[in-house]
Amino acid sequence: MPGGNLLTDKKIILGISGGIAAYKVADWVRKLRREGAGVQVVMTGDATRFVTPLTFAALSGRKVYEGMFDPNDVERIPHISLAAEADLILIAPATAQTIARLASGMADDLPAALVLAHQSPVIICPAMNCNMYLHPATQANLDRLKTYGYRIVEPGRGSLACDTEGPGRLADWSYAKEAIYAALTKQNLADRKVLVTAGPTHEPLDPVRYLGNRSSGRMGFALAVTARRRGAEVTLVTGPSELPDPPEINVIRISSAEEMAAEVLERCQDMDVIVKAAAVSDFRPAEYSAGKLKKAGAGFTMNLTENPDILKTLGERKGKSPLPLLVGFAAESGDFINEGRRKLREKNLDLLAINDITSKEAGFGVETNRITLLNRHGDQEKIPLLSKEDTADLIWKRVADLLAQ
Ligand SMILES: Cc1cc2nc3c(=O)[nH]c(=O)nc-3n(C[C@H](O)[C@H](O)[C@H](O)COP(=O)(O)O)c2cc1C
């Protein structure tokens, strides 16, 4: 199933411990439910001092469990029955105390006992004062949790509720969300190094003007995010885009086609897969004016020169070796299958995704895409209209199959 629906009907246990950031995860409950997940909240005794269980019961639409010994629920053994039903356990915020409790395998409160009894993935989101976080005891406990296979969502840096600066702030939802998606996704790109390009390029004419295009970067960013979810180590080289850096991705921001070529060619040797989703300008102004060009009253003619064809250069460098796998994107407006087959051959690609830019629902600027995939042998696969994220995930599915061959 495409990535966007991954949380539909998933049962997530949200274990809340007694930190000031407990109020922030109230919003996470809503976000998880909006993604289609059912959320069962369990709280430590101290967590209930920060936010009332009533708030979480209202937001989750379920009874909140606060302890192992609930006199109103004697027919169930909550730490066993809830653990058995869960697809994933998310501990957020995780206090220093709760982290220590989990690291030592204690079972003296409901969240800790659940984690011991579970067989599903566990994600820990630490949040605390920076000195508490950086203390060797906390760091050793977190290292130990990693050895149990738990995912740690590193806290953010910044000013903390206790008026200090440093690491310890509960990670933003986007980081927690990616950890959840990754934990529920088959890691078939684990240990693979992937480079994705995204966005437009800006070809400077003078200090204030450039030649650009309408690419938003969404397709390339979606490719980077979905590759990371499948476990890849991702580098994203992007032209000017308003999109923020996605979690856990090495983002390199460039401006012109020549800068993009330099960044990509420097790294290509180390990669297992390169996906060129950027809309690199074919041309740039032949001359750059160091001063702002002025009106001369007689019109203006600009000479253009061709930019390097990065994909073609990669294809030539690749020669006959199987890696890196090369995946290209082509924006076409007519006869796109024959045009695509020509590009595939000429650029020595393993896969080509063709965008029909005449369609209003696909291509530049919109959230959705409708692509046709062509493989090395010229076989075509028409992909229906999907979100860019789902389109990207489907491309990775095909890439993972090619890598497995
Ligand atoms: C106002 C206040 C804020 C606190 N915030 C945090 C916090 O953000 N992170 C943390 O690890 N502990 C924090 N503590 C300390 C914990 O509440 C304390 O260690 C508690 O025993 C945690 O228990 P639990 O992990 O079982 O919920 C705070 C305490 C107080 C009084």
# chains A, B, ... in the order shown; residues from 1 in each chain; ligands from 1
call {"tool": "residues_near_ligand", "arguments": {"ligand": "ligand 1", "cutoff": "8 Å", "atoms": "only C-alpha atoms and all ligand atoms", "output": "mmCIF file with C-alpha atoms, in the first residue's frame"}}
result
data_model
loop_
_atom_site.group_PDB
_atom_site.id
_atom_site.type_symbol
_atom_site.label_atom_id
_atom_site.label_comp_id
_atom_site.auth_asym_id
_atom_site.auth_seq_id
_atom_site.Cartn_x
_atom_site.Cartn_y
_atom_site.Cartn_z
ATOM 1 C CA ILE A 16 3.225 9.674 28.265
ATOM 2 C CA SER A 17 5.636 10.317 31.124
ATOM 3 C CA GLY A 18 5.864 13.237 33.524
ATOM 4 C CA GLY A 19 7.624 15.997 31.618
ATOM 5 C CA ILE A 20 6.591 19.517 30.786
ATOM 6 C CA ALA A 21 6.296 18.538 27.107
ATOM 7 C CA MET A 43 0.204 7.649 31.339
ATOM 8 C CA THR A 44 2.642 7.412 34.210
ATOM 9 C CA GLY A 45 1.334 8.632 37.548
ATOM 10 C CA ASP A 46 3.515 11.736 37.321
ATOM 11 C CA ALA A 47 2.367 12.479 33.758
ATOM 12 C CA PHE A 50 1.015 17.773 33.993
ATOM 13 C CA PRO A 93 7.655 12.712 26.107
ATOM 14 C CA ALA A 94 10.133 10.233 27.586
ATOM 15 C CA THR A 95 11.533 11.622 30.855
ATOM 16 C CA ALA A 96 15.020 10.808 32.146
ATOM 17 C CA GLN A 97 13.272 8.703 34.787
ATOM 18 C CA THR A 98 11.219 6.706 32.280
ATOM 19 C CA ILE A 99 14.250 6.211 30.025
ATOM 20 C CA ARG A 101 13.276 2.625 33.922
ATOM 21 C CA ASP A 109 4.387 1.302 35.909
ATOM 22 C CA PRO A 126 13.245 12.096 25.035
ATOM 23 C CA ALA A 127 12.454 15.559 26.411
ATOM 24 C CA MET A 128 14.188 17.134 29.382
ATOM 25 C CA ASN A 129 16.570 19.814 30.627
ATOM 26 C CA MET A 132 19.775 15.922 32.311
ATOM 27 C CA TYR A 133 19.838 14.858 28.665
ATOM 28 C CA ALA A 161 11.009 25.504 29.523
#
call {"tool": "select_by_dssp", "arguments": {"residues": "range 239-343 of chain A", "states": "alpha helix (DSSP H)", "output": "PyMOL selection string"}}
result
chain A and resi 257-267+310-318+336-343
call {"tool": "write_last_selection", "arguments": {"atoms": "C-alpha atoms", "output": "PDB file, in the first residue's frame"}}
result
ATOM      1  CA  ALA A 257      22.723  23.903 -12.777  1.00  0.00           C
ATOM      2  CA  GLU A 258      26.512  24.123 -12.633  1.00  0.00           C
ATOM      3  CA  GLU A 259      26.455  24.058  -8.830  1.00  0.00           C
ATOM      4  CA  MET A 260      24.115  21.084  -8.918  1.00  0.00           C
ATOM      5  CA  ALA A 261      26.383  19.259 -11.380  1.00  0.00           C
ATOM      6  CA  ALA A 262      29.407  19.848  -9.122  1.00  0.00           C
ATOM      7  CA  GLU A 263      27.642  18.535  -5.985  1.00  0.00           C
ATOM      8  CA  VAL A 264      26.174  15.483  -7.714  1.00  0.00           C
ATOM      9  CA  LEU A 265      29.301  14.464  -9.623  1.00  0.00           C
ATOM     10  CA  GLU A 266      31.453  14.814  -6.494  1.00  0.00           C
ATOM     11  CA  ARG A 267      29.247  12.305  -4.638  1.00  0.00           C
ATOM     12  CA  ILE A 310      24.135  15.855 -15.438  1.00  0.00           C
ATOM     13  CA  LEU A 311      22.145  12.696 -16.080  1.00  0.00           C
ATOM     14  CA  LYS A 312      23.952  11.996 -19.336  1.00  0.00           C
ATOM     15  CA  THR A 313      27.344  12.532 -17.673  1.00  0.00           C
ATOM     16  CA  LEU A 314      26.313  10.125 -14.900  1.00  0.00           C
ATOM     17  CA  GLY A 315      25.178   7.591 -17.507  1.00  0.00           C
ATOM     18  CA  GLU A 316      28.521   7.841 -19.306  1.00  0.00           C
ATOM     19  CA  ARG A 317      30.489   7.482 -16.070  1.00  0.00           C
ATOM     20  CA  LYS A 318      28.414   4.509 -15.067  1.00  0.00           C
ATOM     21  CA  PHE A 336       6.270  10.889 -24.373  1.00  0.00           C
ATOM     22  CA  ILE A 337       6.819   7.122 -24.555  1.00  0.00           C
ATOM     23  CA  ASN A 338       9.036   7.273 -27.650  1.00  0.00           C
ATOM     24  CA  GLU A 339      10.801  10.358 -26.316  1.00  0.00           C
ATOM     25  CA  GLY A 340      11.289   8.547 -22.979  1.00  0.00           C
ATOM     26  CA  ARG A 341      12.730   5.443 -24.628  1.00  0.00           C
ATOM     27  CA  ARG A 342      15.220   7.627 -26.493  1.00  0.00           C
ATOM     28  CA  LYS A 343      16.312   9.343 -23.235  1.00  0.00           C
TER      29      LYS A 343
END
call {"tool": "closest_residue", "arguments": {"among": "A:Val237, A:Ile383, A:Ala198, A:Leu142", "to": "Ala279 in chain A", "atoms": "only C-alpha atoms"}}
result
A:Ala198
call {"tool": "closest_residue", "arguments": {"among": "A:Arg49, A:Lys276, A:Arg34, A:Lys24", "to": "Phe221 in chain A", "atoms": "only C-alpha atoms"}}
result
A:Lys276
call {"tool": "atom_distance", "arguments": {"atom1": "CA of Lys388 in chain A", "atom2": "CA of Val366 in chain A"}}
result
8.7 Å
call {"tool": "residues_around", "arguments": {"residues": "Met271 in chain A", "least_positions_apart": "4", "cutoff": "9 Å", "atoms": "only C-alpha atoms", "output": "ChimeraX atom specification"}}
result
/A:192-195,267,323-325
call {"tool": "atom_distance", "arguments": {"atom1": "CA of Glu332 in chain A", "atom2": "CA of Asp356 in chain A"}}
result
5.4 Å
call {"tool": "atom_distance", "arguments": {"atom1": "CA of Asp143 in chain A", "atom2": "CA of Ala107 in chain A"}}
result
19.4 Å
call {"tool": "residues_around", "arguments": {"residues": "Gln380 in chain A", "least_positions_apart": "4", "cutoff": "10 Å", "atoms": "only C-alpha atoms", "output": "number ranges by chain"}}
result
A: 337, 340-341, 351-353, 372-376
call {"tool": "closest_atom_pairs", "arguments": {"of": "range 144-190 of chain A", "to": "range 390-398 of chain A", "cutoff": "12 Å", "atoms": "only C-alpha atoms", "output": "CSV"}}
result
residue,atom,partner,partner_atom,distance
A:Tyr181,CA,A:Asp393,CA,11.9
A:Thr185,CA,A:Asp393,CA,10.5
A:Lys186,CA,A:Lys397,CA,10.1
A:Gln187,CA,A:Lys397,CA,10.8
A:Asn188,CA,A:Lys397,CA,8.5
A:Leu189,CA,A:Trp396,CA,8.4
call {"tool": "decode", "arguments": {"residues": "range 121-159 of chain A", "atoms": "N, CA and C atoms", "output": "PDB file, in the first residue's frame"}}
result
ATOM      1  N   PRO A 121       7.246  -2.481  17.244  1.00  0.00           N
ATOM      2  CA  PRO A 121       8.326  -1.491  17.369  1.00  0.00           C
ATOM      3  C   PRO A 121       8.067  -0.477  18.493  1.00  0.00           C
ATOM      4  N   VAL A 122       9.182   0.004  19.081  1.00  0.00           N
ATOM      5  CA  VAL A 122       9.093   1.010  20.153  1.00  0.00           C
ATOM      6  C   VAL A 122       9.866   2.255  19.721  1.00  0.00           C
ATOM      7  N   ILE A 123       9.248   3.402  19.898  1.00  0.00           N
ATOM      8  CA  ILE A 123       9.893   4.681  19.562  1.00  0.00           C
ATOM      9  C   ILE A 123       9.920   5.546  20.816  1.00  0.00           C
ATOM     10  N   ILE A 124      11.081   6.100  21.098  1.00  0.00           N
ATOM     11  CA  ILE A 124      11.269   6.890  22.321  1.00  0.00           C
ATOM     12  C   ILE A 124      11.587   8.334  21.932  1.00  0.00           C
ATOM     13  N   CYS A 125      10.848   9.282  22.476  1.00  0.00           N
ATOM     14  CA  CYS A 125      11.091  10.702  22.191  1.00  0.00           C
ATOM     15  C   CYS A 125      11.502  11.407  23.483  1.00  0.00           C
ATOM     16  N   PRO A 126      12.812  11.466  23.783  1.00  0.00           N
ATOM     17  CA  PRO A 126      13.245  12.096  25.035  1.00  0.00           C
ATOM     18  C   PRO A 126      12.925  13.594  25.057  1.00  0.00           C
ATOM     19  N   ALA A 127      12.647  14.108  26.236  1.00  0.00           N
ATOM     20  CA  ALA A 127      12.454  15.559  26.411  1.00  0.00           C
ATOM     21  C   ALA A 127      12.795  15.904  27.849  1.00  0.00           C
ATOM     22  N   MET A 128      13.768  16.766  28.015  1.00  0.00           N
ATOM     23  CA  MET A 128      14.188  17.134  29.382  1.00  0.00           C
ATOM     24  C   MET A 128      15.156  18.300  29.333  1.00  0.00           C
ATOM     25  N   ASN A 129      15.533  18.805  30.482  1.00  0.00           N
ATOM     26  CA  ASN A 129      16.570  19.814  30.627  1.00  0.00           C
ATOM     27  C   ASN A 129      17.850  19.308  29.969  1.00  0.00           C
ATOM     28  N   CYS A 130      18.634  20.235  29.340  1.00  0.00           N
ATOM     29  CA  CYS A 130      19.772  19.770  28.545  1.00  0.00           C
ATOM     30  C   CYS A 130      20.840  19.074  29.399  1.00  0.00           C
ATOM     31  N   ASN A 131      21.040  19.520  30.641  1.00  0.00           N
ATOM     32  CA  ASN A 131      22.036  18.844  31.479  1.00  0.00           C
ATOM     33  C   ASN A 131      21.593  17.419  31.816  1.00  0.00           C
ATOM     34  N   MET A 132      20.302  17.279  32.055  1.00  0.00           N
ATOM     35  CA  MET A 132      19.775  15.922  32.311  1.00  0.00           C
ATOM     36  C   MET A 132      19.973  15.042  31.077  1.00  0.00           C
ATOM     37  N   TYR A 133      19.719  15.630  29.898  1.00  0.00           N
ATOM     38  CA  TYR A 133      19.838  14.858  28.665  1.00  0.00           C
ATOM     39  C   TYR A 133      21.295  14.470  28.389  1.00  0.00           C
ATOM     40  N   LEU A 134      22.201  15.429  28.599  1.00  0.00           N
ATOM     41  CA  LEU A 134      23.611  15.174  28.265  1.00  0.00           C
ATOM     42  C   LEU A 134      24.334  14.376  29.357  1.00  0.00           C
ATOM     43  N   HIS A 135      23.711  14.185  30.498  1.00  0.00           N
ATOM     44  CA  HIS A 135      24.363  13.435  31.583  1.00  0.00           C
ATOM     45  C   HIS A 135      24.733  12.037  31.083  1.00  0.00           C
ATOM     46  N   PRO A 136      25.948  11.579  31.437  1.00  0.00           N
ATOM     47  CA  PRO A 136      26.376  10.250  30.951  1.00  0.00           C
ATOM     48  C   PRO A 136      25.390   9.137  31.302  1.00  0.00           C
ATOM     49  N   ALA A 137      24.690   9.284  32.412  1.00  0.00           N
ATOM     50  CA  ALA A 137      23.742   8.223  32.791  1.00  0.00           C
ATOM     51  C   ALA A 137      22.606   8.150  31.776  1.00  0.00           C
ATOM     52  N   THR A 138      22.070   9.319  31.407  1.00  0.00           N
ATOM     53  CA  THR A 138      20.963   9.338  30.428  1.00  0.00           C
ATOM     54  C   THR A 138      21.469   8.848  29.069  1.00  0.00           C
ATOM     55  N   GLN A 139      22.654   9.318  28.678  1.00  0.00           N
ATOM     56  CA  GLN A 139      23.194   8.904  27.376  1.00  0.00           C
ATOM     57  C   GLN A 139      23.439   7.390  27.339  1.00  0.00           C
ATOM     58  N   ALA A 140      23.955   6.853  28.449  1.00  0.00           N
ATOM     59  CA  ALA A 140      24.189   5.395  28.504  1.00  0.00           C
ATOM     60  C   ALA A 140      22.863   4.644  28.434  1.00  0.00           C
ATOM     61  N   ASN A 141      21.857   5.194  29.110  1.00  0.00           N
ATOM     62  CA  ASN A 141      20.531   4.540  29.063  1.00  0.00           C
ATOM     63  C   ASN A 141      19.964   4.552  27.642  1.00  0.00           C
ATOM     64  N   LEU A 142      20.145   5.689  26.955  1.00  0.00           N
ATOM     65  CA  LEU A 142      19.637   5.765  25.567  1.00  0.00           C
ATOM     66  C   LEU A 142      20.391   4.791  24.664  1.00  0.00           C
ATOM     67  N   ASP A 143      21.713   4.707  24.876  1.00  0.00           N
ATOM     68  CA  ASP A 143      22.502   3.747  24.079  1.00  0.00           C
ATOM     69  C   ASP A 143      21.994   2.324  24.309  1.00  0.00           C
ATOM     70  N   ARG A 144      21.671   2.056  25.545  1.00  0.00           N
ATOM     71  CA  ARG A 144      21.168   0.712  25.852  1.00  0.00           C
ATOM     72  C   ARG A 144      19.822   0.458  25.154  1.00  0.00           C
ATOM     73  N   LEU A 145      18.964   1.473  25.159  1.00  0.00           N
ATOM     74  CA  LEU A 145      17.665   1.312  24.498  1.00  0.00           C
ATOM     75  C   LEU A 145      17.850   1.024  23.006  1.00  0.00           C
ATOM     76  N   LYS A 146      18.882   1.661  22.416  1.00  0.00           N
ATOM     77  CA  LYS A 146      19.142   1.392  20.985  1.00  0.00           C
ATOM     78  C   LYS A 146      19.496  -0.069  20.767  1.00  0.00           C
ATOM     79  N   THR A 147      20.255  -0.631  21.727  1.00  0.00           N
ATOM     80  CA  THR A 147      20.645  -2.050  21.563  1.00  0.00           C
ATOM     81  C   THR A 147      19.423  -2.970  21.653  1.00  0.00           C
ATOM     82  N   TYR A 148      18.338  -2.485  22.258  1.00  0.00           N
ATOM     83  CA  TYR A 148      17.106  -3.287  22.295  1.00  0.00           C
ATOM     84  C   TYR A 148      16.321  -3.168  20.987  1.00  0.00           C
ATOM     85  N   GLY A 149      16.829  -2.311  20.070  1.00  0.00           N
ATOM     86  CA  GLY A 149      16.134  -2.125  18.787  1.00  0.00           C
ATOM     87  C   GLY A 149      15.133  -0.985  18.809  1.00  0.00           C
ATOM     88  N   TYR A 150      15.093  -0.200  19.897  1.00  0.00           N
ATOM     89  CA  TYR A 150      14.149   0.915  19.937  1.00  0.00           C
ATOM     90  C   TYR A 150      14.709   2.066  19.101  1.00  0.00           C
ATOM     91  N   ARG A 151      13.800   2.797  18.464  1.00  0.00           N
ATOM     92  CA  ARG A 151      14.208   3.997  17.723  1.00  0.00           C
ATOM     93  C   ARG A 151      14.169   5.186  18.655  1.00  0.00           C
ATOM     94  N   ILE A 152      15.243   5.973  18.674  1.00  0.00           N
ATOM     95  CA  ILE A 152      15.264   7.184  19.505  1.00  0.00           C
ATOM     96  C   ILE A 152      15.087   8.386  18.581  1.00  0.00           C
ATOM     97  N   VAL A 153      14.094   9.198  18.862  1.00  0.00           N
ATOM     98  CA  VAL A 153      13.909  10.427  18.086  1.00  0.00           C
ATOM     99  C   VAL A 153      14.621  11.533  18.858  1.00  0.00           C
ATOM    100  N   GLU A 154      15.796  11.921  18.337  1.00  0.00           N
ATOM    101  CA  GLU A 154      16.648  12.869  19.062  1.00  0.00           C
ATOM    102  C   GLU A 154      15.869  14.149  19.383  1.00  0.00           C
ATOM    103  N   PRO A 155      16.063  14.681  20.592  1.00  0.00           N
ATOM    104  CA  PRO A 155      15.387  15.944  20.913  1.00  0.00           C
ATOM    105  C   PRO A 155      15.979  17.096  20.102  1.00  0.00           C
ATOM    106  N   GLY A 156      15.195  18.155  19.961  1.00  0.00           N
ATOM    107  CA  GLY A 156      15.688  19.338  19.261  1.00  0.00           C
ATOM    108  C   GLY A 156      16.519  20.219  20.189  1.00  0.00           C
ATOM    109  N   ARG A 157      17.193  21.214  19.603  1.00  0.00           N
ATOM    110  CA  ARG A 157      17.953  22.188  20.397  1.00  0.00           C
ATOM    111  C   ARG A 157      17.128  23.455  20.504  1.00  0.00           C
ATOM    112  N   GLY A 158      17.441  24.262  21.482  1.00  0.00           N
ATOM    113  CA  GLY A 158      16.755  25.553  21.567  1.00  0.00           C
ATOM    114  C   GLY A 158      16.518  25.921  23.005  1.00  0.00           C
ATOM    115  N   SER A 159      15.708  26.954  23.220  1.00  0.00           N
ATOM    116  CA  SER A 159      15.469  27.366  24.602  1.00  0.00           C
ATOM    117  C   SER A 159      14.434  26.420  25.212  1.00  0.00           C
TER     118      SER A 159
END
